[in-house]
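> CSV, C-alpha atoms, saved as data.csv, coming up:
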chain,number,residue,atom,x,y,z
Q,696,MET,CA,-14.6,-4.6,5.6
Q,697,ASN,CA,-13.9,-5.2,9.3
Q,698,ILE,CA,-15.0,-7.7,11.8
Q,699,GLN,CA,-17.3,-7.2,14.8
Q,700,THR,CA,-16.0,-7.9,18.3
Q,701,ASN,CA,-17.6,-7.9,21.7
Q,702,SER,CA,-15.3,-5.0,22.9
Q,703,VAL,CA,-16.2,-1.4,22.4
Q,704,VAL,CA,-13.6,0.5,20.3
Q,705,PRO,CA,-13.1,4.0,21.8
Q,706,ALA,CA,-13.8,7.0,19.7
Q,707,ASP,CA,-11.1,9.4,18.7
Q,708,LYS,CA,-11.3,13.1,19.4
Q,709,GLY,CA,-10.1,16.4,17.8
Q,710,TRP,CA,-7.4,16.1,15.2
Q,711,ARG,CA,-7.0,12.4,15.9
Q,712,VAL,CA,-10.3,11.8,14.1
Q,713,TRP,CA,-8.9,13.1,10.8
Q,714,TRP,CA,-5.5,11.5,11.4
Q,715,GLN,CA,-7.1,8.1,11.9
Q,716,LEU,CA,-9.4,8.7,8.9
Q,717,SER,CA,-6.3,8.9,6.7
Q,718,ARG,CA,-5.3,5.4,8.0
Q,719,PRO,CA,-1.6,6.5,8.5
Q,720,HIS,CA,-0.3,2.9,8.7
Q,721,THR,CA,-1.2,2.5,5.0
Q,722,LEU,CA,0.6,5.7,3.8
Q,723,THR,CA,4.1,4.1,3.8
Q,724,ALA,CA,2.8,1.9,0.9
Q,725,ALA,CA,2.5,5.2,-1.1
Q,726,PHE,CA,5.7,6.8,0.2
Q,727,ILE,CA,8.1,3.8,-0.2
Q,728,PRO,CA,7.6,3.3,-4.0
Q,729,VAL,CA,8.2,7.0,-4.7
Q,730,LEU,CA,11.3,7.0,-2.6
Q,731,LEU,CA,12.6,3.8,-4.2
Q,732,GLY,CA,11.9,4.9,-7.8
Q,733,THR,CA,13.7,8.2,-7.1
Q,734,ALA,CA,16.6,6.5,-5.4
Q,735,LEU,CA,17.1,4.3,-8.5
Q,736,ALA,CA,16.9,7.4,-10.8
Q,737,ILE,CA,19.5,9.5,-8.9
Q,738,LYS,CA,22.4,7.6,-10.3
Q,739,SER,CA,21.3,8.3,-13.9
Q,740,GLY,CA,21.3,12.1,-13.9
Q,741,PRO,CA,20.2,15.3,-12.1
Q,742,PHE,CA,17.7,15.0,-9.3
Q,743,HIS,CA,14.6,17.1,-9.9
Q,744,ILE,CA,13.4,18.0,-6.3
Q,745,PRO,CA,10.1,19.7,-7.3
Q,746,LEU,CA,9.0,16.6,-9.3
Q,747,PHE,CA,10.0,14.3,-6.5
Q,748,ILE,CA,7.9,16.4,-4.0
Q,749,ALA,CA,4.9,16.7,-6.4
Q,750,MET,CA,5.0,12.9,-7.0
Q,751,LEU,CA,5.3,12.1,-3.3
Q,752,VAL,CA,2.5,14.4,-2.3
Q,753,ALA,CA,0.2,13.2,-5.1
Q,754,SER,CA,0.8,9.5,-4.2
Q,755,LEU,CA,0.0,10.2,-0.5
Q,756,LEU,CA,-3.1,12.1,-1.5
Q,757,ILE,CA,-4.4,9.3,-3.7
Q,758,GLN,CA,-3.7,6.7,-1.0
Q,759,THR,CA,-5.5,8.9,1.6
Q,760,ALA,CA,-8.5,9.4,-0.7
Q,761,THR,CA,-8.6,5.7,-1.4
Q,762,ASN,CA,-8.8,5.1,2.3
Q,763,MET,CA,-11.7,7.5,2.6
Q,764,PHE,CA,-13.6,5.9,-0.2
Q,765,ASN,CA,-12.9,2.6,1.6
Q,766,GLU,CA,-14.5,3.9,4.8
Q,767,TYR,CA,-17.4,5.5,3.0
Q,768,PHE,CA,-18.4,2.5,0.9
Q,769,ASP,CA,-17.9,-0.1,3.6
Q,770,TYR,CA,-20.2,2.0,5.8
Q,771,ALA,CA,-22.7,2.6,3.0
Q,772,ARG,CA,-22.9,-1.2,2.5
Q,773,GLY,CA,-23.5,-1.8,6.2
Q,774,LEU,CA,-20.2,-3.6,6.7
Q,775,ASP,CA,-18.8,-1.3,9.4
Q,776,HIS,CA,-20.1,-0.4,12.8
Q,777,GLU,CA,-18.9,1.2,16.0
Q,778,ASN,CA,-17.4,-2.1,17.3
Q,779,SER,CA,-15.5,-3.0,14.1
Q,780,VAL,CA,-11.8,-3.7,14.3
Q,781,GLY,CA,-9.2,-2.0,12.2
Q,782,ILE,CA,-11.1,0.9,10.5
Q,783,GLY,CA,-10.5,4.6,10.7
Q,784,GLY,CA,-13.9,4.9,12.4
Q,785,ALA,CA,-14.6,8.5,11.5
Q,786,ILE,CA,-18.2,7.7,10.4
Q,787,VAL,CA,-19.2,4.9,12.8
Q,788,ARG,CA,-17.5,6.0,16.0
Q,789,ASN,CA,-16.7,9.7,15.6
Q,790,GLY,CA,-19.9,11.1,14.0
Q,791,VAL,CA,-18.3,12.4,10.8
Q,792,LYS,CA,-21.0,12.6,8.1
Q,793,PRO,CA,-20.6,9.9,5.4
Q,794,LYS,CA,-20.9,12.5,2.6
Q,795,THR,CA,-18.2,14.6,4.2
Q,796,VAL,CA,-15.8,11.6,4.0
Q,797,LEU,CA,-16.8,10.9,0.4
Q,798,TYR,CA,-16.5,14.5,-0.7
Q,799,LEU,CA,-13.1,14.9,1.1
Q,800,GLY,CA,-11.8,11.9,-0.9
Q,801,PHE,CA,-12.8,13.7,-4.1
Q,802,VAL,CA,-11.2,16.9,-3.0
Q,803,LEU,CA,-7.9,15.1,-2.4
Q,804,PHE,CA,-8.2,13.5,-5.8
Q,805,GLY,CA,-8.6,17.0,-7.2
Q,806,ILE,CA,-5.5,18.2,-5.6
Q,807,ALA,CA,-3.6,15.2,-6.8
Q,808,ILE,CA,-4.8,15.9,-10.4
Q,809,GLY,CA,-3.4,19.4,-10.1
Q,810,LEU,CA,0.0,18.0,-9.0
Q,811,GLY,CA,-0.3,15.4,-11.8
Q,812,LEU,CA,-0.7,18.2,-14.4
Q,813,TYR,CA,2.5,19.8,-13.1
Q,814,ILE,CA,4.3,16.4,-13.4
Q,815,THR,CA,2.9,15.8,-16.8
Q,816,ILE,CA,3.9,19.2,-18.2
Q,817,ASN,CA,7.5,18.5,-17.0
Q,818,SER,CA,7.7,14.9,-18.2
Q,819,SER,CA,5.2,13.2,-20.5
Q,820,TRP,CA,1.4,13.2,-21.2
Q,821,TRP,CA,1.4,9.5,-20.7
Q,822,ILE,CA,1.8,10.2,-17.0
Q,823,ALA,CA,-1.7,11.8,-17.1
Q,824,VAL,CA,-3.2,8.7,-18.6
Q,825,ILE,CA,-1.5,6.4,-16.1
Q,826,GLY,CA,-2.4,8.7,-13.2
Q,827,VAL,CA,-6.1,8.6,-14.1
Q,828,ILE,CA,-6.0,4.8,-14.3
Q,829,CYS,CA,-4.4,4.7,-10.8
Q,830,MET,CA,-7.1,7.0,-9.4
Q,831,ALA,CA,-9.8,4.9,-11.0
Q,832,VAL,CA,-8.3,1.8,-9.4
Q,833,GLY,CA,-8.2,3.6,-6.0
Q,834,TYR,CA,-11.9,4.5,-6.3
Q,835,PHE,CA,-13.1,1.2,-7.6
Q,836,TYR,CA,-11.1,-0.7,-5.0
Q,837,THR,CA,-14.1,-0.4,-2.7
Q,838,GLY,CA,-16.5,1.6,-4.9
Q,839,GLY,CA,-18.7,0.7,-7.8
Q,840,PRO,CA,-21.0,-2.3,-8.3
Q,841,ARG,CA,-18.1,-4.8,-8.2
Q,842,PRO,CA,-15.4,-3.6,-5.9
Q,843,ILE,CA,-11.9,-4.9,-6.5
Q,844,ALA,CA,-11.4,-5.5,-2.7
Q,845,TYR,CA,-14.3,-8.0,-2.8
Q,846,THR,CA,-12.6,-10.2,-5.4
Q,847,PRO,CA,-9.5,-12.4,-5.4
Q,848,PHE,CA,-7.6,-9.7,-7.3
Q,849,GLY,CA,-7.2,-7.1,-4.5
Q,850,GLU,CA,-3.6,-8.2,-3.6
Q,851,LEU,CA,-2.5,-8.3,-7.3
Q,852,MET,CA,-4.0,-4.9,-8.2
Q,853,SER,CA,-2.7,-3.1,-5.1
Q,854,GLY,CA,0.7,-4.6,-5.5
Q,855,PHE,CA,1.0,-3.8,-9.2
Q,856,PHE,CA,-0.3,-0.3,-9.1
Q,857,MET,CA,1.2,0.9,-5.8
Q,858,GLY,CA,4.4,-1.0,-6.4
Q,859,VAL,CA,5.4,-1.5,-10.0
Q,860,VAL,CA,3.5,1.5,-11.5
Q,861,ILE,CA,4.4,4.1,-8.9
Q,862,ILE,CA,8.0,3.1,-8.9
Q,863,GLN,CA,8.2,3.3,-12.7
Q,864,ILE,CA,6.5,6.7,-12.7
Q,865,SER,CA,8.8,8.0,-10.0
Q,866,TYR,CA,11.8,6.7,-12.0
Q,867,PHE,CA,10.6,8.0,-15.4
Q,868,ILE,CA,9.9,11.6,-14.3
Q,869,GLN,CA,13.5,11.8,-13.2
Q,870,THR,CA,15.1,10.0,-16.2
Q,871,SER,CA,12.6,10.2,-19.0
Q,872,TYR,CA,12.8,6.4,-19.6
Q,873,ILE,CA,12.1,3.1,-18.0
Q,874,SER,CA,14.9,0.5,-17.5
Q,875,LYS,CA,15.0,-3.2,-16.9
Q,876,ILE,CA,16.5,-2.7,-13.5
Q,877,SER,CA,13.8,-0.3,-12.4
Q,878,ILE,CA,11.2,-3.0,-13.2
Q,879,LEU,CA,13.1,-5.7,-11.5
Q,880,VAL,CA,13.8,-3.7,-8.3
Q,881,SER,CA,10.0,-2.9,-8.1
Q,882,ILE,CA,9.0,-6.6,-7.8
Q,883,PRO,CA,9.8,-7.3,-4.1
Q,884,VAL,CA,8.2,-4.1,-3.0
Q,885,SER,CA,5.1,-4.8,-5.0
Q,886,ILE,CA,4.9,-8.3,-3.4
Q,887,LEU,CA,5.2,-6.8,0.1
Q,888,ILE,CA,2.5,-4.2,-0.7
Q,889,GLY,CA,0.2,-7.1,-1.8
Q,890,SER,CA,1.1,-8.9,1.4
Q,891,ILE,CA,-0.4,-6.0,3.4
Q,892,MET,CA,-3.7,-6.5,1.6
Q,893,LEU,CA,-3.5,-10.3,2.2
Q,894,ALA,CA,-2.9,-9.7,5.9
Q,895,ASN,CA,-6.0,-7.5,6.1
Q,896,ASN,CA,-8.0,-10.2,4.3
Q,897,ILE,CA,-6.8,-12.9,6.6
Q,898,ARG,CA,-7.9,-10.9,9.6
Q,899,ASP,CA,-11.3,-10.1,8.1
Q,900,LEU,CA,-11.8,-13.5,6.6
Q,901,ASP,CA,-14.9,-14.7,8.6
Q,902,GLY,CA,-16.8,-11.4,8.3
Q,903,ASP,CA,-15.9,-11.0,4.7
Q,904,GLN,CA,-17.3,-14.5,4.0
Q,905,GLU,CA,-20.5,-13.7,5.8
Q,906,ASN,CA,-21.0,-10.6,3.7
Q,907,GLY,CA,-20.4,-12.4,0.4
Q,908,ARG,CA,-16.9,-11.3,-0.4
Q,909,LYS,CA,-14.7,-13.6,-2.5
Q,910,THR,CA,-11.2,-12.5,-1.4
Q,911,LEU,CA,-8.2,-14.6,-2.0
Q,912,ALA,CA,-8.0,-15.5,1.6
Q,913,ILE,CA,-11.6,-16.8,1.5
Q,914,ILE,CA,-11.0,-18.9,-1.6
Q,915,ILE,CA,-7.9,-20.7,-0.5
Q,916,GLY,CA,-8.7,-20.7,3.2
Q,917,ARG,CA,-7.0,-19.2,6.3
Q,918,GLN,CA,-4.2,-21.7,6.7
Q,919,LYS,CA,-3.2,-21.6,3.0
Q,920,ALA,CA,-3.5,-17.8,3.1
Q,921,ILE,CA,-1.0,-17.7,6.0
Q,922,GLY,CA,1.3,-20.0,4.0
Q,923,LEU,CA,0.9,-17.7,1.0
Q,924,LEU,CA,1.9,-14.7,3.2
Q,925,ALA,CA,5.0,-16.6,4.3
Q,926,GLY,CA,5.8,-17.4,0.7
Q,927,MET,CA,5.4,-13.8,-0.4
Q,928,PHE,CA,8.0,-12.8,2.3
Q,929,ILE,CA,10.3,-15.6,1.2
Q,930,LEU,CA,10.0,-14.5,-2.5
Q,931,SER,CA,10.7,-10.9,-1.7
Q,932,TYR,CA,14.0,-11.7,0.2
Q,933,SER,CA,15.0,-14.3,-2.4
Q,934,TRP,CA,14.4,-11.6,-5.1
Q,935,ILE,CA,17.1,-9.5,-3.4
Q,936,ILE,CA,19.6,-12.3,-3.8
Q,937,PHE,CA,18.6,-12.7,-7.5
Q,938,LEU,CA,19.1,-8.9,-8.0
Q,939,ILE,CA,22.6,-9.1,-6.5
Q,940,PHE,CA,23.8,-12.1,-8.4
Q,941,PHE,CA,22.1,-11.5,-11.8
Q,942,THR,CA,22.0,-7.7,-12.2
Q,943,GLU,CA,24.3,-4.8,-11.5
Q,944,THR,CA,22.8,-4.0,-8.1
Q,945,SER,CA,25.0,-3.9,-5.1
Q,946,PHE,CA,25.5,-6.3,-2.2
Q,947,TRP,CA,24.4,-3.4,0.0
Q,948,LEU,CA,20.8,-4.5,-0.8
Q,949,LEU,CA,21.4,-7.3,1.7
Q,950,ILE,CA,20.7,-4.7,4.3
Q,951,THR,CA,17.0,-5.4,3.7
Q,952,PHE,CA,17.4,-8.7,5.5
Q,953,ILE,CA,17.4,-6.7,8.8
Q,954,SER,CA,13.6,-6.7,8.4
Q,955,ILE,CA,13.3,-10.5,8.4
Q,956,PRO,CA,12.4,-10.6,12.2
Q,957,LYS,CA,9.4,-8.4,11.4
Q,958,ALA,CA,8.3,-10.8,8.7
Q,959,LEU,CA,8.6,-13.8,11.0
Q,960,LYS,CA,6.6,-12.0,13.6
Q,961,ALA,CA,3.8,-11.3,11.1
Q,962,VAL,CA,3.5,-14.9,10.0
Q,963,LYS,CA,3.7,-16.3,13.6
Q,964,GLY,CA,1.2,-13.7,14.7
Q,965,PHE,CA,-1.5,-15.2,12.4
Q,966,ILE,CA,-0.9,-18.9,13.2
Q,967,GLY,CA,-3.6,-20.3,15.5
Q,968,LYS,CA,-5.5,-17.0,15.7
Q,969,THR,CA,-9.2,-16.7,14.7
Q,970,GLU,CA,-10.3,-13.4,16.4
Q,971,PRO,CA,-9.6,-10.2,14.4
Q,972,ILE,CA,-8.3,-8.3,17.5
Q,973,GLN,CA,-5.8,-11.2,18.1
Q,974,MET,CA,-4.4,-10.7,14.5
Q,975,MET,CA,-4.0,-6.9,14.7
Q,976,PRO,CA,-0.3,-7.2,15.8
Q,977,ALA,CA,0.4,-9.5,12.9
Q,978,MET,CA,-1.2,-7.2,10.4
Q,979,LYS,CA,0.8,-4.3,11.8
Q,980,ALA,CA,4.0,-6.3,11.6
Q,981,THR,CA,3.2,-7.0,7.9
Q,982,ALA,CA,2.9,-3.3,7.1
Q,983,GLN,CA,6.1,-2.6,9.1
Q,984,THR,CA,7.9,-5.2,7.1
Q,985,ASN,CA,7.1,-3.4,3.9
Q,986,THR,CA,8.1,-0.1,5.4
Q,987,ILE,CA,11.4,-1.3,6.8
Q,988,PHE,CA,12.3,-3.4,3.7
Q,989,GLY,CA,11.6,-0.4,1.4
Q,990,PHE,CA,13.6,2.1,3.5
Q,991,LEU,CA,16.5,-0.3,3.7
Q,992,MET,CA,16.4,-1.0,0.0
Q,993,ALA,CA,16.6,2.7,-0.7
Q,994,ILE,CA,19.4,3.2,1.8
Q,995,GLY,CA,21.3,0.2,0.2
Q,996,LEU,CA,21.0,1.9,-3.2
Q,997,PHE,CA,22.3,5.3,-1.8
Q,998,ILE,CA,25.2,3.6,-0.1
Q,999,SER,CA,26.2,1.7,-3.2
Q,1000,TYR,CA,26.5,5.0,-5.1
Q,1001,PHE,CA,29.2,6.2,-2.8
Q,1002,ALA,CA,30.8,2.9,-1.8
Show the structure stored in the file as structure tokens.

Amino acid sequence: MNIQTNSVVPADKGWRVWWQLSRPHTLTAAFIPVLLGTALAIKSGPFHIPLFIAMLVASLLIQTATNMFNEYFDYARGLDHENSVGIGGAIVRNGVKPKTVLYLGFVLFGIAIGLGLYITINSSWWIAVIGVICMAVGYFYTGGPRPIAYTPFGELMSGFFMGVVIIQISYFIQTSYISKISILVSIPVSILIGSIMLANNIRDLDGDQENGRKTLAIIIGRQKAIGLLAGMFILSYSWIIFLIFFTETSFWLLITFISIPKALKAVKGFIGKTEPIQMMPAMKATAQTNTIFGFLMAIGLFISYFA
């Protein structure tokens, strides 16, 4: 759901309509876990490039489809309009038919299922079961009679499935097993993915409350939600220190601390703000923190293999 402002948000044209519909700023949350799970697995054996590509594309397709379901169902419930802040806007501003957005989401799911079958055939049938659950979560995040996004569990569900689960699948299809380190390494990334959802809910708090949502930000209040966001950043960076001192991971993971200024910008950007448009930079900084942190974590792992 997105908040009304008094300013008119310009419509996109041409290919930008479809690009914005995919909500590209969210796609790194699908790309980073696959990259990280694969980076962890490379040290354990041969690197299966086709499986990596199939997993990466399937994850991106599922995330894009989830974004389309989000746009369709928020529109169908009357929560989005042409002056809303932060949405793709294909329906309310660009004239794309709602059913087209919905059907396109299902088409992307269908392609992802095909890629999933390829991954399953070359790994384990358990991947198919987990993949179906992930897609169901993607659909019911904003779809169904009780959308996950309208509850206090949005951050937890998105962080767990897009972080822990995707990293473990990416690791498993390369190694054929799950390790303690693959689970531990997935924790900070999962927390940061959850922080993206929390940032979105802080921005949309007033409008969500008016429309009957019960997000975590609404339940604990804006100030405590900002404090929780800061705490999630602190925990993610503290987890890196834990990994270095209590597991076999390398000191090269400290390279992730380069992203700390972005995290600080995100938290400071929310403090004292009440208008959604004012909080957009902070929300973008939160997503950028996740992206930079994840990339640097993968780079740290790669460097440690050759150092």
> Could you tell me which of Q:Leu851, Q:Thr910, Q:Trp821, Q:Val712 comes closest to Val791 in chain Q if we count all atoms listed in the file?
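Using all atoms listed in the file, Val791 in chain Q sits closest to Q:Val712.
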> Please compute the CA of Phe928 in chain Q-CA of Ile876 in chain Q distance, one decimal, in Å.
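That distance, rounded to one decimal, is 20.6 Å.
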> Axis-aligned box over every listed atom of range 867-878 of chain Q, padded by 6 Å per side: centre and edges in Å to one decimal, as AutoDock Vina command-line options?

--center_x 13.2 --center_y 4.3 --center_z -16.0 --size_x 18.6 --size_y 27.0 --size_z 19.2
> For Ser739 in chain Q, work out the shell of residues within 10 Å, counting all atoms listed in the file and skipping chain neighbours fewer than 6 positions away, then give it as a list in words.
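Surrounding residues, per the criterion: Tyr866, Gln869 and Thr870 of chain Q.
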> Can you list, as an mmCIF file with C-alpha atoms, in the frame of the given file, every protein, DNA or RNA residue that comes within 10 Å of Ile994 in chain Q when you count only C-alpha atoms, leaving out same-chain residues fewer than 3 positions away?

data_model
loop_
_atom_site.group_PDB
_atom_site.id
_atom_site.type_symbol
_atom_site.label_atom_id
_atom_site.label_comp_id
_atom_site.auth_asym_id
_atom_site.auth_seq_id
_atom_site.Cartn_x
_atom_site.Cartn_y
_atom_site.Cartn_z
ATOM 1 C CA LEU Q 730 11.300 7.000 -2.600
ATOM 2 C CA LEU Q 731 12.600 3.800 -4.200
ATOM 3 C CA ALA Q 734 16.600 6.500 -5.400
ATOM 4 C CA TRP Q 947 24.400 -3.400 0.000
ATOM 5 C CA LEU Q 948 20.800 -4.500 -0.800
ATOM 6 C CA ILE Q 950 20.700 -4.700 4.300
ATOM 7 C CA THR Q 951 17.000 -5.400 3.700
ATOM 8 C CA PHE Q 988 12.300 -3.400 3.700
ATOM 9 C CA GLY Q 989 11.600 -0.400 1.400
ATOM 10 C CA PHE Q 990 13.600 2.100 3.500
ATOM 11 C CA LEU Q 991 16.500 -0.300 3.700
ATOM 12 C CA PHE Q 997 22.300 5.300 -1.800
ATOM 13 C CA ILE Q 998 25.200 3.600 -0.100
ATOM 14 C CA SER Q 999 26.200 1.700 -3.200
#
> How many Å lie between CA of Gly854 in chain Q and CA of Thr721 in chain Q, rounded to one decimal?
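Separation between CA of Gly854 in chain Q and CA of Thr721 in chain Q: 12.8 Å.
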> Find the residues of range 838-930 of chain Q that sit at most 12 Å from range 822-826 of chain Q; for each, write down the nearest two atoms and how far apart they are in Å, to one decimal. Count all atoms listed in the file. Sort by chain, then by number going up, and give it as a Markdown table.

| residue | atom | partner | partner_atom | distance |
| --- | --- | --- | --- | --- |
| Q:Phe856 | CA | Q:Ile825 | CA | 9.8 |
| Q:Met857 | CA | Q:Gly826 | CA | 11.3 |
| Q:Val860 | CA | Q:Ile825 | CA | 8.4 |
| Q:Ile861 | CA | Q:Gly826 | CA | 9.3 |
| Q:Gln863 | CA | Q:Ile822 | CA | 10.3 |
| Q:Ile864 | CA | Q:Ile822 | CA | 7.3 |
| Q:Ser865 | CA | Q:Ile822 | CA | 10.1 |
| Q:Tyr866 | CA | Q:Ile822 | CA | 11.7 |
| Q:Phe867 | CA | Q:Ile822 | CA | 9.2 |
| Q:Ile868 | CA | Q:Ile822 | CA | 8.7 |
| Q:Ser871 | CA | Q:Ile822 | CA | 11.0 |
| Q:Tyr872 | CA | Q:Ile822 | CA | 11.9 |
> For the residues in that selection, give me C-alpha atoms as an mmCIF file, in the coordinates of the input.

data_model
loop_
_atom_site.group_PDB
_atom_site.id
_atom_site.type_symbol
_atom_site.label_atom_id
_atom_site.label_comp_id
_atom_site.auth_asym_id
_atom_site.auth_seq_id
_atom_site.Cartn_x
_atom_site.Cartn_y
_atom_site.Cartn_z
ATOM 1 C CA PHE Q 856 -0.300 -0.300 -9.100
ATOM 2 C CA MET Q 857 1.200 0.900 -5.800
ATOM 3 C CA VAL Q 860 3.500 1.500 -11.500
ATOM 4 C CA ILE Q 861 4.400 4.100 -8.900
ATOM 5 C CA GLN Q 863 8.200 3.300 -12.700
ATOM 6 C CA ILE Q 864 6.500 6.700 -12.700
ATOM 7 C CA SER Q 865 8.800 8.000 -10.000
ATOM 8 C CA TYR Q 866 11.800 6.700 -12.000
ATOM 9 C CA PHE Q 867 10.600 8.000 -15.400
ATOM 10 C CA ILE Q 868 9.900 11.600 -14.300
ATOM 11 C CA SER Q 871 12.600 10.200 -19.000
ATOM 12 C CA TYR Q 872 12.800 6.400 -19.600
#
> If we count all atoms listed in the file and set the cut-off at 7 Å, which residues sit around range 903-909 of chain Q, ignoring sequence neighbours fewer than 5 positions away in its own chain? Please answer as a list of chain:residue names.
Q:Met696, Q:Tyr845, Q:Thr846, Q:Pro847, Q:Ile914
> Skipping near chain neighbours, those fewer than 2 positions away, what residues fall within 10 Å of Ile888 in chain Q using all atoms listed in the file, listed as a PyMOL selection string?
chain Q and resi 721+723-725+727-728+850-858+882-886+890-893+981-982+984-986
> Nearest to Leu887 in chain Q: which of Q:Ile953, Q:Ile929, Q:Leu722, Q:Met975 is it, counting all atoms listed in the file?
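Among the listed residues, Q:Ile929 lies closest to Leu887 in chain Q.
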> Pick the closest to Lys979 in chain Q from Q:His720, Q:Lys963, Q:Arg917, Q:Lys875: which is it, counting only C-alpha atoms?
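Distance minimum relative to Lys979 in chain Q lands on Q:His720.
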